Amino acid sequence: MQVVLASASPRRKELMEMLGIENLRIVPARGEERPPAGAGPEELVQALAAAKAEEVAGRCGAGDVIVGADTVVWIDGRVLGKPHSAEEAKAMLRRLSGRTHRVYTGVCVRKGPRVLSAYEESSVRFRPLSEAEIAAYVATGEPMDKAGAYGAQGLGALFVEGIEGDFFNVMGLPLCRLGQMLKEQGVVVL
């Protein structure tokens, strides 16, 4: 049995390795993400995580445990995914400046026909940001592959005044919840 991460995210890979999971294999999902119409953030991240795990399961052994995950930032009733341009990243950071937003990560852990699905929610409070700080941060390139255009584990930490909930959720993989789901699928981390 292998544990297969259905993600190309270097942060998720790093977090899985931090757990000391043996036989970890990375098989990124290749399909286009198709969010369900009218879904709230909880449903959205769970549906996308499940779709990734299902797609990758077709390329793995029957006894493998597949982990799919998807993360979004939610503010003003709207999802902030990964920015497609520097201007979009700046607009996202302006929206987050001086405010609290929510980060949702859906996790799907499947082994054969048994599929477990859940989500985690954390609140993140940003300090007010100046235009110069936003421009300098976007120029580093760090925001370009992250939901909400920031990484709390990188330079984006300079903007985060506080987090309520699972810190690792904000990084893209809620480890406490994932550990319990893996245990239910027969993978003991501790």
# chains A, B, ... in the order shown; residues from 1 in each chain; ligands from 1
>>> residues_around(residues="Ile26 (chain A)", least_positions_apart="6", cutoff="7 Å", atoms="only C-alpha atoms", output="list in words")
Val4, Leu5, Ala6 and Ser7 of chain A
>>> residues_around(residues="Glu88 (chain A)", least_positions_apart="5", cutoff="12 Å", atoms="only C-alpha atoms", output="PyMOL selection string")
chain A and resi 80-83+93-95+134-135+138+143-144+147-149
>>> write_last_selection(atoms="C-alpha atoms", output="PDB file, in the first residue's frame")
ATOM      1  CA  LEU A  80     -10.302  33.988  -4.187  1.00  0.00           C
ATOM      2  CA  GLY A  81      -8.344  31.247  -5.909  1.00  0.00           C
ATOM      3  CA  LYS A  82      -4.864  31.518  -7.373  1.00  0.00           C
ATOM      4  CA  PRO A  83      -4.241  34.812  -9.180  1.00  0.00           C
ATOM      5  CA  LEU A  93      -4.251  41.616  -1.447  1.00  0.00           C
ATOM      6  CA  ARG A  94      -6.022  45.010  -1.421  1.00  0.00           C
ATOM      7  CA  ARG A  95      -9.290  43.193  -0.671  1.00  0.00           C
ATOM      8  CA  ILE A 134       1.585  44.945  -1.943  1.00  0.00           C
ATOM      9  CA  ALA A 135       3.708  45.784  -4.988  1.00  0.00           C
ATOM     10  CA  VAL A 138       3.801  40.591  -5.655  1.00  0.00           C
ATOM     11  CA  PRO A 143       1.636  35.069  -4.395  1.00  0.00           C
ATOM     12  CA  MET A 144       1.231  33.638  -7.889  1.00  0.00           C
ATOM     13  CA  ALA A 147      -5.100  30.860  -3.090  1.00  0.00           C
ATOM     14  CA  GLY A 148      -5.788  34.448  -2.053  1.00  0.00           C
ATOM     15  CA  ALA A 149      -2.377  35.526  -3.395  1.00  0.00           C
TER      16      ALA A 149
END
>>> residues_around(residues="region 36-43 of chain A", least_positions_apart="5", cutoff="8 Å", atoms="only C-alpha atoms", output="PDB file with N, CA and C atoms, in the first residue's frame")
ATOM      1  N   VAL A  72      -9.352  27.262  -0.831  1.00  0.00           N
ATOM      2  CA  VAL A  72      -9.774  28.564  -1.337  1.00  0.00           C
ATOM      3  C   VAL A  72      -9.798  29.563  -0.187  1.00  0.00           C
ATOM      4  N   TRP A  74     -12.006  32.823   1.148  1.00  0.00           N
ATOM      5  CA  TRP A  74     -13.384  33.287   1.019  1.00  0.00           C
ATOM      6  C   TRP A  74     -13.529  34.634   1.717  1.00  0.00           C
ATOM      7  N   VAL A  79     -15.064  33.591  -3.718  1.00  0.00           N
ATOM      8  CA  VAL A  79     -13.849  32.780  -3.663  1.00  0.00           C
ATOM      9  C   VAL A  79     -12.690  33.541  -4.291  1.00  0.00           C
ATOM     10  N   TYR A 104     -10.689  27.828   3.451  1.00  0.00           N
ATOM     11  CA  TYR A 104     -11.327  26.513   3.459  1.00  0.00           C
ATOM     12  C   TYR A 104     -10.450  25.537   2.688  1.00  0.00           C
ATOM     13  N   THR A 105     -10.229  24.371   3.267  1.00  0.00           N
ATOM     14  CA  THR A 105      -9.544  23.299   2.559  1.00  0.00           C
ATOM     15  C   THR A 105     -10.412  22.053   2.636  1.00  0.00           C
ATOM     16  N   GLY A 106     -10.705  21.508   1.474  1.00  0.00           N
ATOM     17  CA  GLY A 106     -11.402  20.234   1.400  1.00  0.00           C
ATOM     18  C   GLY A 106     -10.377  19.130   1.297  1.00  0.00           C
ATOM     19  N   TYR A 119     -13.941  18.990   5.337  1.00  0.00           N
ATOM     20  CA  TYR A 119     -13.293  20.282   5.086  1.00  0.00           C
ATOM     21  C   TYR A 119     -12.896  20.887   6.417  1.00  0.00           C
TER      22      TYR A 119
END
>>> closest_residue(among="A:Gly151, A:Gly156, A:Gly98, A:Gly68", to="Ser117 (chain A)", atoms="only C-alpha atoms")
A:Gly68
>>> atom_distance(atom1="CA of Met16 (chain A)", atom2="CA of Lys183 (chain A)")
14.0 Å
>>> closest_residue(among="A:Ala86, A:Arg30, A:Phe126, A:Phe167", to="Arg59 (chain A)", atoms="only C-alpha atoms")
A:Arg30
>>> closest_residue(among="A:His84, A:Arg102, A:Arg110, A:Arg11", to="Ser122 (chain A)", atoms="only C-alpha atoms")
A:Arg102
>>> residues_around(residues="Leu158 (chain A)", least_positions_apart="4", cutoff="12 Å", atoms="only C-alpha atoms", output="list in words")
Ser97, Arg125, Phe126, Arg127, Pro128, Leu129, Glu133, Ile134, Tyr137, Tyr150, Gly151, Ala152, Gln153, Gly154 and Gly162 of chain A
>>> select_by_dssp(residues="region 9-160 of chain A", states="helix (DSSP H, G or I)", output="count of residues only")
58
>>> residues_around(residues="Ala51 (chain A)", least_positions_apart="6", cutoff="9 Å", atoms="only C-alpha atoms", output="ChimeraX atom specification")
/A:29,31,33-34,68,108
>>> closest_residue(among="A:Ser85, A:Glu22, A:Glu121, A:Met92", to="Pro174 (chain A)", atoms="only C-alpha atoms")
A:Glu121
>>> atom_distance(atom1="CA of Val73 (chain A)", atom2="CA of Thr140 (chain A)")
20.4 Å
>>> atom_distance(atom1="CA of Ile75 (chain A)", atom2="CA of Pro10 (chain A)")
25.1 Å
>>> residues_around(residues="Val65 (chain A)", least_positions_apart="6", cutoff="10 Å", atoms="only C-alpha atoms", output="list of chain:residue names")
A:Met1, A:Gln2, A:Val3, A:Val4, A:Leu5, A:Leu24, A:Ala53, A:Ala57, A:Val109, A:Arg110, A:Lys111, A:Gly112, A:Arg114, A:Val115, A:Leu182, A:Gln185, A:Gly186, A:Val187
>>> select_by_dssp(residues="region 37-157 of chain A", states="strand (DSSP E or B)", output="MDAnalysis selection string")
chainID A and resid 65:75 78:80 100:111 114:126
>>> closest_residue(among="A:Lys52, A:Gly20, A:Gly63, A:Glu184", to="Glu32 (chain A)", atoms="only C-alpha atoms")
A:Lys52
